[in-house]
file my_file37.pdb (PDB, C-alpha atoms, pLDDT in the B column)
ATOM      1  CA  MET A  18       0.000   0.000   0.000  1.00 54.00           C
ATOM      2  CA  SER A  19       1.436   3.360  -0.999  1.00 59.00           C
ATOM      3  CA  ASP A  20       2.062   5.967   1.735  1.00 66.00           C
ATOM      4  CA  SER A  21       0.336   9.182   0.652  1.00 71.00           C
ATOM      5  CA  SER A  22       2.521  11.258   2.989  1.00 83.00           C
ATOM      6  CA  LYS A  23       5.664  10.388   1.045  1.00 93.00           C
ATOM      7  CA  ASN A  24       6.993  11.668  -2.275  1.00 96.00           C
ATOM      8  CA  ARG A  25       6.619   8.942  -4.879  1.00 97.00           C
ATOM      9  CA  VAL A  26       9.497   8.241  -7.229  1.00 98.00           C
ATOM     10  CA  LEU A  27       9.969   6.022 -10.288  1.00 98.00           C
ATOM     11  CA  ILE A  28      13.402   4.857 -11.453  1.00 98.00           C
ATOM     12  CA  VAL A  29      13.845   4.526 -15.232  1.00 97.00           C
ATOM     13  CA  ASP A  30      17.139   3.073 -16.437  1.00 97.00           C
ATOM     14  CA  ASP A  31      17.963   0.126 -18.682  1.00 95.00           C
ATOM     15  CA  GLU A  32      20.923  -0.914 -16.514  1.00 95.00           C
ATOM     16  CA  MET A  33      20.222  -2.866 -13.320  1.00 96.00           C
ATOM     17  CA  PRO A  34      23.414  -1.677 -11.509  1.00 96.00           C
ATOM     18  CA  ALA A  35      22.367   1.949 -12.079  1.00 96.00           C
ATOM     19  CA  ARG A  36      18.882   1.282 -10.680  1.00 97.00           C
ATOM     20  CA  THR A  37      20.426  -0.517  -7.689  1.00 97.00           C
ATOM     21  CA  ILE A  38      22.651   2.462  -6.852  1.00 97.00           C
ATOM     22  CA  ILE A  39      19.740   4.908  -7.018  1.00 98.00           C
ATOM     23  CA  ARG A  40      17.618   2.609  -4.867  1.00 97.00           C
ATOM     24  CA  SER A  41      20.369   2.298  -2.229  1.00 97.00           C
ATOM     25  CA  TYR A  42      20.978   6.068  -2.150  1.00 98.00           C
ATOM     26  CA  LEU A  43      17.258   6.704  -1.685  1.00 97.00           C
ATOM     27  CA  GLU A  44      17.197   4.565   1.481  1.00 95.00           C
ATOM     28  CA  HIS A  45      18.487   7.604   3.371  1.00 93.00           C
ATOM     29  CA  PHE A  46      15.386   9.664   2.497  1.00 96.00           C
ATOM     30  CA  SER A  47      12.550   8.744   4.833  1.00 94.00           C
ATOM     31  CA  ASP A  48      10.083  10.979   2.974  1.00 95.00           C
ATOM     32  CA  ILE A  49      10.520   9.206  -0.380  1.00 97.00           C
ATOM     33  CA  GLU A  50       8.842   6.019  -1.543  1.00 97.00           C
ATOM     34  CA  ILE A  51      10.056   4.061  -4.575  1.00 97.00           C
ATOM     35  CA  ILE A  52       6.900   3.009  -6.396  1.00 97.00           C
ATOM     36  CA  GLY A  53       8.535   1.183  -9.290  1.00 97.00           C
ATOM     37  CA  GLU A  54      11.458   0.576 -11.610  1.00 97.00           C
ATOM     38  CA  CYS A  55      11.450   0.467 -15.407  1.00 96.00           C
ATOM     39  CA  ALA A  56      14.092  -0.787 -17.824  1.00 95.00           C
ATOM     40  CA  ASN A  57      12.842   1.018 -20.943  1.00 92.00           C
ATOM     41  CA  GLY A  58      10.630   3.832 -22.189  1.00 91.00           C
ATOM     42  CA  PHE A  59       7.665   1.594 -23.013  1.00 90.00           C
ATOM     43  CA  GLU A  60       7.496   0.300 -19.428  1.00 93.00           C
ATOM     44  CA  ALA A  61       7.995   3.822 -18.093  1.00 94.00           C
ATOM     45  CA  MET A  62       5.133   5.335 -20.091  1.00 91.00           C
ATOM     46  CA  LYS A  63       2.720   2.743 -18.712  1.00 91.00           C
ATOM     47  CA  ALA A  64       4.021   3.116 -15.161  1.00 94.00           C
ATOM     48  CA  ILE A  65       3.914   6.933 -15.184  1.00 94.00           C
ATOM     49  CA  ARG A  66       0.341   6.889 -16.460  1.00 90.00           C
ATOM     50  CA  GLU A  67      -0.817   4.303 -13.897  1.00 93.00           C
ATOM     51  CA  LEU A  68       1.253   5.264 -10.843  1.00 95.00           C
ATOM     52  CA  ASN A  69       1.503   9.061 -11.225  1.00 94.00           C
ATOM     53  CA  PRO A  70       4.919   9.561  -9.555  1.00 96.00           C
ATOM     54  CA  ASP A  71       5.930  12.926  -8.088  1.00 95.00           C
ATOM     55  CA  PHE A  72       9.303  12.695  -9.829  1.00 95.00           C
ATOM     56  CA  ILE A  73      11.415  10.265 -11.802  1.00 95.00           C
ATOM     57  CA  PHE A  74      15.058   9.429 -12.294  1.00 96.00           C
ATOM     58  CA  LEU A  75      15.378   9.159 -16.070  1.00 93.00           C
ATOM     59  CA  ASP A  76      18.287   7.796 -18.082  1.00 92.00           C
ATOM     60  CA  ILE A  77      18.619   9.548 -21.433  1.00 86.00           C
ATOM     61  CA  GLN A  78      20.413   6.837 -23.406  1.00 86.00           C
ATOM     62  CA  MET A  79      18.184   3.759 -23.522  1.00 88.00           C
ATOM     63  CA  PRO A  80      17.413   1.248 -26.290  1.00 83.00           C
ATOM     64  CA  LYS A  81      14.128   1.343 -28.223  1.00 82.00           C
ATOM     65  CA  VAL A  82      12.958   4.671 -26.737  1.00 87.00           C
ATOM     66  CA  ASN A  83      15.366   7.097 -25.050  1.00 85.00           C
ATOM     67  CA  GLY A  84      14.547   9.434 -22.188  1.00 86.00           C
ATOM     68  CA  LEU A  85      13.883  12.529 -24.278  1.00 81.00           C
ATOM     69  CA  GLU A  86      11.633  10.592 -26.650  1.00 85.00           C
ATOM     70  CA  LEU A  87       9.656   9.300 -23.672  1.00 87.00           C
ATOM     71  CA  LEU A  88       9.073  12.805 -22.339  1.00 84.00           C
ATOM     72  CA  GLU A  89       7.860  13.968 -25.753  1.00 81.00           C
ATOM     73  CA  VAL A  90       4.821  11.692 -25.614  1.00 85.00           C
ATOM     74  CA  LEU A  91       3.824  12.292 -21.970  1.00 84.00           C
ATOM     75  CA  ASP A  92       0.830  14.580 -21.500  1.00 78.00           C
ATOM     76  CA  ASN A  93       1.782  15.515 -17.931  1.00 80.00           C
ATOM     77  CA  ALA A  94       5.405  14.728 -17.220  1.00 83.00           C
ATOM     78  CA  PRO A  95       6.506  14.560 -13.562  1.00 90.00           C
ATOM     79  CA  TYR A  96       9.587  16.370 -12.285  1.00 92.00           C
ATOM     80  CA  VAL A  97      12.678  14.791 -13.832  1.00 91.00           C
ATOM     81  CA  ILE A  98      16.232  14.213 -12.645  1.00 92.00           C
ATOM     82  CA  PHE A  99      18.196  13.145 -15.710  1.00 89.00           C
ATOM     83  CA  THR A 100      20.848  10.440 -15.303  1.00 90.00           C
ATOM     84  CA  THR A 101      23.306   9.400 -17.983  1.00 85.00           C
ATOM     85  CA  ALA A 102      26.846   8.200 -18.621  1.00 83.00           C
ATOM     86  CA  TYR A 103      27.273  10.741 -21.421  1.00 74.00           C
ATOM     87  CA  ASP A 104      27.698  14.453 -20.844  1.00 72.00           C
ATOM     88  CA  GLU A 105      26.682  15.776 -24.293  1.00 66.00           C
ATOM     89  CA  TYR A 106      23.423  17.200 -22.886  1.00 61.00           C
ATOM     90  CA  ALA A 107      24.741  18.264 -19.473  1.00 58.00           C
ATOM     91  CA  LEU A 108      25.670  21.883 -20.112  1.00 55.00           C
ATOM     92  CA  LYS A 109      22.448  22.589 -21.995  1.00 57.00           C
ATOM     93  CA  ALA A 110      20.380  21.010 -19.200  1.00 53.00           C
ATOM     94  CA  PHE A 111      22.016  23.175 -16.529  1.00 52.00           C
ATOM     95  CA  GLU A 112      21.753  26.345 -18.610  1.00 50.00           C
ATOM     96  CA  LEU A 113      18.050  25.681 -19.154  1.00 48.00           C
ATOM     97  CA  ASN A 114      17.444  25.196 -15.412  1.00 48.00           C
ATOM     98  CA  ALA A 115      16.428  21.540 -15.479  1.00 61.00           C
ATOM     99  CA  VAL A 116      15.545  20.171 -12.043  1.00 81.00           C
ATOM    100  CA  ASP A 117      18.937  18.478 -12.122  1.00 85.00           C
ATOM    101  CA  TYR A 118      21.275  16.292 -14.115  1.00 84.00           C
ATOM    102  CA  LEU A 119      23.415  13.477 -12.705  1.00 90.00           C
ATOM    103  CA  LEU A 120      26.419  12.354 -14.710  1.00 89.00           C
ATOM    104  CA  LYS A 121      27.305   8.717 -14.006  1.00 91.00           C
ATOM    105  CA  PRO A 122      29.090   7.723 -11.854  1.00 93.00           C
ATOM    106  CA  PHE A 123      27.724  10.180  -9.285  1.00 94.00           C
ATOM    107  CA  SER A 124      28.508  10.377  -5.573  1.00 96.00           C
ATOM    108  CA  ARG A 125      26.023  10.001  -2.739  1.00 96.00           C
ATOM    109  CA  GLU A 126      26.550  13.680  -1.908  1.00 96.00           C
ATOM    110  CA  ARG A 127      25.836  14.852  -5.465  1.00 96.00           C
ATOM    111  CA  PHE A 128      22.800  12.569  -5.590  1.00 97.00           C
ATOM    112  CA  GLY A 129      21.511  14.068  -2.354  1.00 97.00           C
ATOM    113  CA  GLN A 130      21.810  17.590  -3.749  1.00 95.00           C
ATOM    114  CA  ALA A 131      19.681  16.646  -6.750  1.00 94.00           C
ATOM    115  CA  VAL A 132      17.018  15.008  -4.585  1.00 96.00           C
ATOM    116  CA  GLU A 133      16.828  17.977  -2.207  1.00 96.00           C
ATOM    117  CA  LYS A 134      16.409  20.280  -5.193  1.00 92.00           C
ATOM    118  CA  VAL A 135      13.397  18.388  -6.542  1.00 93.00           C
ATOM    119  CA  LEU A 136      11.870  17.974  -3.065  1.00 95.00           C
ATOM    120  CA  ASP A 137      12.136  21.721  -2.563  1.00 93.00           C
ATOM    121  CA  LYS A 138      10.231  22.304  -5.811  1.00 91.00           C
ATOM    122  CA  ILE A 139       7.536  19.851  -4.731  1.00 92.00           C
ATOM    123  CA  ARG A 140       7.187  21.501  -1.289  1.00 92.00           C
ATOM    124  CA  LYS A 141       6.857  24.930  -2.885  1.00 90.00           C
ATOM    125  CA  GLY A 142       4.423  23.651  -5.497  1.00 87.00           C
ATOM    126  CA  GLU A 143       6.506  25.113  -8.306  1.00 82.00           C
ATOM    127  CA  PRO A 144       5.194  24.409 -11.824  1.00 75.00           C
ATOM    128  CA  ASN A 145       7.093  21.787 -13.747  1.00 72.00           C
ATOM    129  CA  ASP A 146       8.734  22.917 -16.994  1.00 60.00           C
ATOM    130  CA  ASN A 147       7.564  20.111 -19.260  1.00 52.00           C
ATOM    131  CA  LEU A 148       9.226  21.785 -22.245  1.00 50.00           C
ATOM    132  CA  ILE A 149      12.774  21.386 -20.924  1.00 53.00           C
ATOM    133  CA  HIS A 150      13.364  18.180 -22.906  1.00 53.00           C
ATOM    134  CA  GLN A 151      12.217  19.848 -26.114  1.00 55.00           C
ATOM    135  CA  LYS A 152      14.613  22.749 -25.596  1.00 54.00           C
ATOM    136  CA  ILE A 153      17.496  20.348 -25.062  1.00 54.00           C
ATOM    137  CA  ARG A 154      16.482  18.263 -28.069  1.00 55.00           C
ATOM    138  CA  ALA A 155      16.063  21.322 -30.293  1.00 54.00           C
ATOM    139  CA  GLU A 156      19.663  22.380 -29.680  1.00 54.00           C
ATOM    140  CA  ASN A 157      21.024  18.945 -30.509  1.00 58.00           C
ATOM    141  CA  ALA A 158      22.204  18.865 -34.121  1.00 57.00           C
ATOM    142  CA  GLU A 159      21.914  15.093 -34.479  1.00 73.00           C
ATOM    143  CA  LEU A 160      19.640  13.970 -37.323  1.00 82.00           C
ATOM    144  CA  LEU A 161      16.559  11.960 -36.489  1.00 87.00           C
ATOM    145  CA  ASN A 162      16.348   8.383 -37.699  1.00 89.00           C
ATOM    146  CA  ARG A 163      13.081   7.610 -35.921  1.00 90.00           C
ATOM    147  CA  ILE A 164      10.095   9.390 -34.413  1.00 91.00           C
ATOM    148  CA  VAL A 165       8.301   8.288 -31.248  1.00 91.00           C
ATOM    149  CA  VAL A 166       4.533   8.775 -31.389  1.00 90.00           C
ATOM    150  CA  LYS A 167       1.587   8.102 -29.110  1.00 85.00           C
ATOM    151  CA  LYS A 168      -1.881   6.943 -30.050  1.00 79.00           C
ATOM    152  CA  GLY A 169      -4.256   6.456 -27.151  1.00 77.00           C
ATOM    153  CA  SER A 170      -2.347   4.680 -24.406  1.00 76.00           C
ATOM    154  CA  SER A 171       0.224   3.046 -26.684  1.00 81.00           C
ATOM    155  CA  MET A 172       3.569   4.289 -27.985  1.00 87.00           C
ATOM    156  CA  SER A 173       5.264   3.416 -31.273  1.00 89.00           C
ATOM    157  CA  VAL A 174       8.662   4.027 -32.833  1.00 91.00           C
ATOM    158  CA  ILE A 175       8.428   4.942 -36.528  1.00 93.00           C
ATOM    159  CA  PRO A 176      11.522   5.007 -38.772  1.00 93.00           C
ATOM    160  CA  VAL A 177      11.723   8.334 -40.622  1.00 94.00           C
ATOM    161  CA  GLN A 178      11.691   6.537 -43.977  1.00 94.00           C
ATOM    162  CA  GLU A 179       8.089   5.528 -43.219  1.00 95.00           C
ATOM    163  CA  VAL A 180       7.008   9.166 -42.905  1.00 97.00           C
ATOM    164  CA  LEU A 181       5.073  10.435 -45.924  1.00 98.00           C
ATOM    165  CA  PHE A 182       5.054  14.111 -44.969  1.00 98.00           C
ATOM    166  CA  PHE A 183       4.794  16.567 -42.081  1.00 98.00           C
ATOM    167  CA  GLU A 184       1.929  19.053 -41.957  1.00 97.00           C
ATOM    168  CA  ALA A 185       1.961  22.279 -39.929  1.00 95.00           C
ATOM    169  CA  GLN A 186      -1.124  22.714 -37.734  1.00 90.00           C
ATOM    170  CA  GLU A 187      -0.924  25.870 -35.616  1.00 82.00           C
ATOM    171  CA  ASP A 188       1.422  25.079 -32.691  1.00 81.00           C
ATOM    172  CA  TYR A 189       1.705  21.393 -33.592  1.00 89.00           C
ATOM    173  CA  VAL A 190       2.877  19.201 -36.436  1.00 94.00           C
ATOM    174  CA  MET A 191       0.858  16.324 -37.868  1.00 96.00           C
ATOM    175  CA  VAL A 192       3.097  13.440 -38.914  1.00 96.00           C
ATOM    176  CA  HIS A 193       1.560  11.434 -41.768  1.00 97.00           C
ATOM    177  CA  THR A 194       3.029   7.931 -41.952  1.00 94.00           C
ATOM    178  CA  THR A 195       2.387   4.553 -43.488  1.00 88.00           C
ATOM    179  CA  GLN A 196       0.912   3.573 -40.092  1.00 86.00           C
ATOM    180  CA  GLY A 197      -1.467   6.516 -39.785  1.00 91.00           C
ATOM    181  CA  ARG A 198      -1.124  10.116 -38.634  1.00 93.00           C
ATOM    182  CA  PHE A 199       0.157  11.391 -35.311  1.00 93.00           C
ATOM    183  CA  MET A 200       0.310  14.802 -33.610  1.00 90.00           C
ATOM    184  CA  LYS A 201       3.658  16.066 -32.288  1.00 89.00           C
ATOM    185  CA  ASN A 202       4.143  19.056 -30.015  1.00 82.00           C
ATOM    186  CA  GLN A 203       7.095  20.348 -32.037  1.00 83.00           C
ATOM    187  CA  THR A 204       7.692  22.819 -34.846  1.00 88.00           C
ATOM    188  CA  MET A 205       8.180  22.390 -38.576  1.00 92.00           C
ATOM    189  CA  HIS A 206      11.529  24.143 -38.158  1.00 91.00           C
ATOM    190  CA  PHE A 207      12.634  21.432 -35.725  1.00 88.00           C
ATOM    191  CA  PHE A 208      11.842  18.626 -38.150  1.00 93.00           C
ATOM    192  CA  GLU A 209      13.245  20.503 -41.142  1.00 92.00           C
ATOM    193  CA  SER A 210      16.556  20.999 -39.336  1.00 90.00           C
ATOM    194  CA  HIS A 211      16.722  17.464 -37.896  1.00 90.00           C
ATOM    195  CA  LEU A 212      15.929  15.400 -40.996  1.00 93.00           C
ATOM    196  CA  PRO A 213      18.186  14.582 -43.969  1.00 90.00           C
ATOM    197  CA  ASP A 214      17.683  17.347 -46.550  1.00 86.00           C
ATOM    198  CA  ASP A 215      18.306  14.954 -49.433  1.00 88.00           C
ATOM    199  CA  THR A 216      15.098  13.128 -48.474  1.00 93.00           C
ATOM    200  CA  PHE A 217      12.802  15.703 -46.841  1.00 96.00           C
ATOM    201  CA  VAL A 218      11.997  18.934 -48.690  1.00 96.00           C
ATOM    202  CA  ARG A 219       9.913  21.889 -47.494  1.00 96.00           C
ATOM    203  CA  ILE A 220       7.624  22.075 -50.526  1.00 96.00           C
ATOM    204  CA  HIS A 221       5.257  24.585 -48.913  1.00 95.00           C
ATOM    205  CA  ARG A 222       5.067  26.517 -45.651  1.00 94.00           C
ATOM    206  CA  SER A 223       2.576  23.859 -44.497  1.00 96.00           C
ATOM    207  CA  TYR A 224       4.327  20.744 -45.817  1.00 97.00           C
ATOM    208  CA  LEU A 225       7.658  18.980 -45.395  1.00 97.00           C
ATOM    209  CA  ALA A 226       7.535  16.032 -47.782  1.00 97.00           C
ATOM    210  CA  ASN A 227       9.495  12.805 -48.153  1.00 97.00           C
ATOM    211  CA  VAL A 228      10.531  13.114 -51.799  1.00 95.00           C
ATOM    212  CA  GLU A 229      10.887   9.330 -52.068  1.00 94.00           C
ATOM    213  CA  LYS A 230       7.123   9.036 -51.500  1.00 96.00           C
ATOM    214  CA  ILE A 231       6.115  11.530 -54.216  1.00 94.00           C
ATOM    215  CA  THR A 232       4.869   9.618 -57.250  1.00 93.00           C
ATOM    216  CA  ARG A 233       3.801  12.487 -59.486  1.00 91.00           C
ATOM    217  CA  LEU A 234       3.535  16.257 -59.850  1.00 91.00           C
ATOM    218  CA  GLU A 235       0.334  17.706 -61.291  1.00 91.00           C
ATOM    219  CA  PRO A 236      -0.399  21.287 -62.387  1.00 89.00           C
ATOM    220  CA  TYR A 237      -2.627  23.076 -59.880  1.00 84.00           C
ATOM    221  CA  ASP A 238      -3.023  26.373 -61.685  1.00 81.00           C
ATOM    222  CA  LYS A 239      -0.960  28.463 -64.068  1.00 76.00           C
ATOM    223  CA  ASP A 240       2.151  28.755 -61.874  1.00 76.00           C
ATOM    224  CA  SER A 241       1.864  26.049 -59.224  1.00 82.00           C
ATOM    225  CA  TYR A 242       1.800  22.283 -58.776  1.00 90.00           C
ATOM    226  CA  MET A 243       0.468  19.543 -56.518  1.00 94.00           C
ATOM    227  CA  ALA A 244       2.587  16.672 -55.201  1.00 94.00           C
ATOM    228  CA  LEU A 245       0.812  13.299 -55.211  1.00 95.00           C
ATOM    229  CA  ILE A 246       1.689  10.888 -52.404  1.00 96.00           C
ATOM    230  CA  PRO A 247      -0.160   7.552 -52.224  1.00 94.00           C
ATOM    231  CA  PRO A 248      -2.666   6.520 -51.233  1.00 93.00           C
ATOM    232  CA  ASP A 249      -4.582   9.783 -51.781  1.00 93.00           C
ATOM    233  CA  HIS A 250      -2.602  12.811 -50.584  1.00 96.00           C
ATOM    234  CA  LYS A 251      -2.353  15.925 -52.751  1.00 95.00           C
ATOM    235  CA  LEU A 252      -0.057  18.616 -51.383  1.00 96.00           C
ATOM    236  CA  ARG A 253       0.277  22.176 -52.635  1.00 95.00           C
ATOM    237  CA  ILE A 254       3.772  23.148 -53.795  1.00 95.00           C
ATOM    238  CA  SER A 255       4.886  26.744 -53.460  1.00 93.00           C
ATOM    239  CA  ARG A 256       7.175  28.405 -55.990  1.00 90.00           C
ATOM    240  CA  ALA A 257      10.098  28.141 -53.596  1.00 90.00           C
ATOM    241  CA  GLY A 258       9.180  24.528 -52.872  1.00 92.00           C
ATOM    242  CA  TYR A 259       9.033  23.703 -56.587  1.00 91.00           C
ATOM    243  CA  LYS A 260      12.532  25.125 -57.061  1.00 90.00           C
ATOM    244  CA  LYS A 261      13.812  23.017 -54.155  1.00 89.00           C
ATOM    245  CA  LEU A 262      12.211  19.923 -55.672  1.00 89.00           C
ATOM    246  CA  LYS A 263      13.762  20.611 -59.058  1.00 84.00           C
ATOM    247  CA  ASP A 264      17.181  21.046 -57.470  1.00 83.00           C
ATOM    248  CA  ARG A 265      16.798  17.925 -55.363  1.00 82.00           C
ATOM    249  CA  LEU A 266      15.343  15.654 -58.041  1.00 76.00           C
ATOM    250  CA  GLY A 267      17.352  17.061 -60.926  1.00 71.00           C
ATOM    251  CA  PHE A 268      14.545  17.674 -63.405  1.00 66.00           C
TER     252      PHE A 268
END

call {"tool": "encode", "arguments": {"input": "my_file37.pdb", "output": "structure tokens"}}
result
Amino acid sequence: MSDSSKNRVLIVDDEMPARTIIRSYLEHFSDIEIIGECANGFEAMKAIRELNPDFIFLDIQMPKVNGLELLEVLDNAPYVIFTTAYDEYALKAFELNAVDYLLKPFSRERFGQAVEKVLDKIRKGEPNDNLIHQKIRAENAELLNRIVVKKGSSMSVIPVQEVLFFEAQEDYVMVHTTQGRFMKNQTMHFFESHLPDDTFVRIHRSYLANVEKITRLEPYDKDSYMALIPPDHKLRISRAGYKKLKDRLGF
């Protein structure tokens, strides 16, 4: 039975030794209850939804779904203390005022500082910055090779080559894929700058298309065209987009 007077924490890390260390360090905090452990993002999504932890320890580098991808698909993310063996995100996380960031291997003292920081936020009822992971991700220049999406209570990993096109929809982006369409709380600029430009072309302010999926171009009016993408998508092409297509496809 869970103790409602304690702060509830979930440990998410694919490595058992790392989870064991966190668990042992937490034994010294009488006001914290460990409500579960997860070895991957799929398990974590289910556990966060069902158990509603106050905060989580989250490894960034994990197989299948990494920590940042997990946070992207959570509607209401808890407070997060990032843990990782790689420091490529560390400086950005600190500059952006993340709750905290533990670089493995971390000492008991450093661990305690991170825990006290998140407990202080919980006591004060400070709002959680759920956009912190997006800010970190946006500054990372690494190209995407997959996109994590959520539909209902399930999560899927879609290789970028299965994406037909991206469609701008106000503050969101609709990702049209061979498996259906999915909403992402990111910008067209993010996807345009994080996808291979020899495959994805901004054909219109509203569309970023996978040129390998375009089967035909049709005239729309005197000076513009439509891109046809099976099974039945017809996308407007702007003048600038048509020039990019010509340059990319060499016609």

call {"tool": "atom_distance", "arguments": {"input": "my_file37.pdb", "atom1": "atom CA of Met62 of chain A", "atom2": "atom CA of Leu27 of chain A"}}
result
11.0 Å

call {"tool": "resolve_selection", "arguments": {"input": "my_file37.pdb", "expression": "the PyMOL selection byres ((chain A and resi 221) around 8)", "output": "PyMOL selection string"}}
result
chain A and resi 219-220+222-225+253-255+257-258

call {"tool": "axis_aligned_box", "arguments": {"input": "my_file37.pdb", "around": "segment 249-260 of chain A", "padding_each_side": "6 Å", "output": "lines of an AutoDock Vina configuration file"}}
result
center_x = 4.0
center_y = 19.1
center_z = -53.8
size_x = 29.1
size_y = 30.6
size_z = 18.5

call {"tool": "closest_residue", "arguments": {"input": "my_file37.pdb", "among": "A:Ile246, A:Val97, A:Val174, A:Ala64", "to": "Ile139 of chain A", "atoms": "all atoms listed in the file"}}
result
A:Val97

call {"tool": "closest_residue", "arguments": {"input": "my_file37.pdb", "among": "A:Ser41, A:Ser210, A:Gln78, A:Ser241", "to": "Arg125 of chain A", "atoms": "only C-alpha atoms"}}
result
A:Ser41

call {"tool": "decode", "arguments": {"input": "my_file37.pdb", "residues": "segment 119-140 of chain A", "atoms": "N, CA and C atoms", "output": "PDB file, in the first residue's frame"}}
result
ATOM      1  N   LEU A 119      22.369  14.260 -13.351  1.00  0.00           N
ATOM      2  CA  LEU A 119      23.415  13.477 -12.705  1.00  0.00           C
ATOM      3  C   LEU A 119      24.226  12.740 -13.760  1.00  0.00           C
ATOM      4  N   LEU A 120      25.523  13.007 -13.775  1.00  0.00           N
ATOM      5  CA  LEU A 120      26.419  12.354 -14.710  1.00  0.00           C
ATOM      6  C   LEU A 120      27.041  11.132 -14.034  1.00  0.00           C
ATOM      7  N   LYS A 121      26.788   9.956 -14.585  1.00  0.00           N
ATOM      8  CA  LYS A 121      27.305   8.717 -14.006  1.00  0.00           C
ATOM      9  C   LYS A 121      28.828   8.641 -14.176  1.00  0.00           C
ATOM     10  N   PRO A 122      29.558   8.112 -13.195  1.00  0.00           N
ATOM     11  CA  PRO A 122      29.090   7.723 -11.854  1.00  0.00           C
ATOM     12  C   PRO A 122      28.989   8.932 -10.944  1.00  0.00           C
ATOM     13  N   PHE A 123      27.920   9.036 -10.170  1.00  0.00           N
ATOM     14  CA  PHE A 123      27.724  10.180  -9.285  1.00  0.00           C
ATOM     15  C   PHE A 123      27.858   9.734  -7.827  1.00  0.00           C
ATOM     16  N   SER A 124      28.293  10.670  -6.988  1.00  0.00           N
ATOM     17  CA  SER A 124      28.508  10.377  -5.573  1.00  0.00           C
ATOM     18  C   SER A 124      27.192  10.459  -4.814  1.00  0.00           C
ATOM     19  N   ARG A 125      27.193   9.916  -3.590  1.00  0.00           N
ATOM     20  CA  ARG A 125      26.023  10.001  -2.739  1.00  0.00           C
ATOM     21  C   ARG A 125      25.706  11.466  -2.406  1.00  0.00           C
ATOM     22  N   GLU A 126      26.751  12.269  -2.227  1.00  0.00           N
ATOM     23  CA  GLU A 126      26.550  13.680  -1.908  1.00  0.00           C
ATOM     24  C   GLU A 126      25.901  14.418  -3.070  1.00  0.00           C
ATOM     25  N   ARG A 127      26.403  14.192  -4.279  1.00  0.00           N
ATOM     26  CA  ARG A 127      25.836  14.852  -5.465  1.00  0.00           C
ATOM     27  C   ARG A 127      24.396  14.394  -5.694  1.00  0.00           C
ATOM     28  N   PHE A 128      24.148  13.121  -5.471  1.00  0.00           N
ATOM     29  CA  PHE A 128      22.800  12.569  -5.590  1.00  0.00           C
ATOM     30  C   PHE A 128      21.864  13.262  -4.611  1.00  0.00           C
ATOM     31  N   GLY A 129      22.327  13.432  -3.374  1.00  0.00           N
ATOM     32  CA  GLY A 129      21.511  14.068  -2.354  1.00  0.00           C
ATOM     33  C   GLY A 129      21.151  15.495  -2.705  1.00  0.00           C
ATOM     34  N   GLN A 130      22.087  16.219  -3.329  1.00  0.00           N
ATOM     35  CA  GLN A 130      21.810  17.590  -3.749  1.00  0.00           C
ATOM     36  C   GLN A 130      20.684  17.633  -4.773  1.00  0.00           C
ATOM     37  N   ALA A 131      20.716  16.694  -5.717  1.00  0.00           N
ATOM     38  CA  ALA A 131      19.681  16.646  -6.750  1.00  0.00           C
ATOM     39  C   ALA A 131      18.321  16.337  -6.148  1.00  0.00           C
ATOM     40  N   VAL A 132      18.282  15.384  -5.214  1.00  0.00           N
ATOM     41  CA  VAL A 132      17.018  15.008  -4.585  1.00  0.00           C
ATOM     42  C   VAL A 132      16.452  16.165  -3.770  1.00  0.00           C
ATOM     43  N   GLU A 133      17.302  16.848  -3.007  1.00  0.00           N
ATOM     44  CA  GLU A 133      16.828  17.977  -2.207  1.00  0.00           C
ATOM     45  C   GLU A 133      16.274  19.081  -3.100  1.00  0.00           C
ATOM     46  N   LYS A 134      16.877  19.248  -4.271  1.00  0.00           N
ATOM     47  CA  LYS A 134      16.409  20.280  -5.193  1.00  0.00           C
ATOM     48  C   LYS A 134      14.991  19.978  -5.680  1.00  0.00           C
ATOM     49  N   VAL A 135      14.739  18.728  -6.046  1.00  0.00           N
ATOM     50  CA  VAL A 135      13.397  18.388  -6.542  1.00  0.00           C
ATOM     51  C   VAL A 135      12.383  18.376  -5.402  1.00  0.00           C
ATOM     52  N   LEU A 136      12.787  17.957  -4.207  1.00  0.00           N
ATOM     53  CA  LEU A 136      11.870  17.974  -3.065  1.00  0.00           C
ATOM     54  C   LEU A 136      11.483  19.407  -2.700  1.00  0.00           C
ATOM     55  N   ASP A 137      12.426  20.318  -2.845  1.00  0.00           N
ATOM     56  CA  ASP A 137      12.136  21.721  -2.563  1.00  0.00           C
ATOM     57  C   ASP A 137      11.093  22.266  -3.542  1.00  0.00           C
ATOM     58  N   LYS A 138      11.208  21.880  -4.810  1.00  0.00           N
ATOM     59  CA  LYS A 138      10.231  22.304  -5.811  1.00  0.00           C
ATOM     60  C   LYS A 138       8.848  21.732  -5.496  1.00  0.00           C
ATOM     61  N   ILE A 139       8.818  20.478  -5.064  1.00  0.00           N
ATOM     62  CA  ILE A 139       7.536  19.851  -4.731  1.00  0.00           C
ATOM     63  C   ILE A 139       6.902  20.543  -3.529  1.00  0.00           C
ATOM     64  N   ARG A 140       7.711  20.839  -2.490  1.00  0.00           N
ATOM     65  CA  ARG A 140       7.187  21.501  -1.289  1.00  0.00           C
ATOM     66  C   ARG A 140       6.616  22.880  -1.617  1.00  0.00           C
TER      67      ARG A 140
END
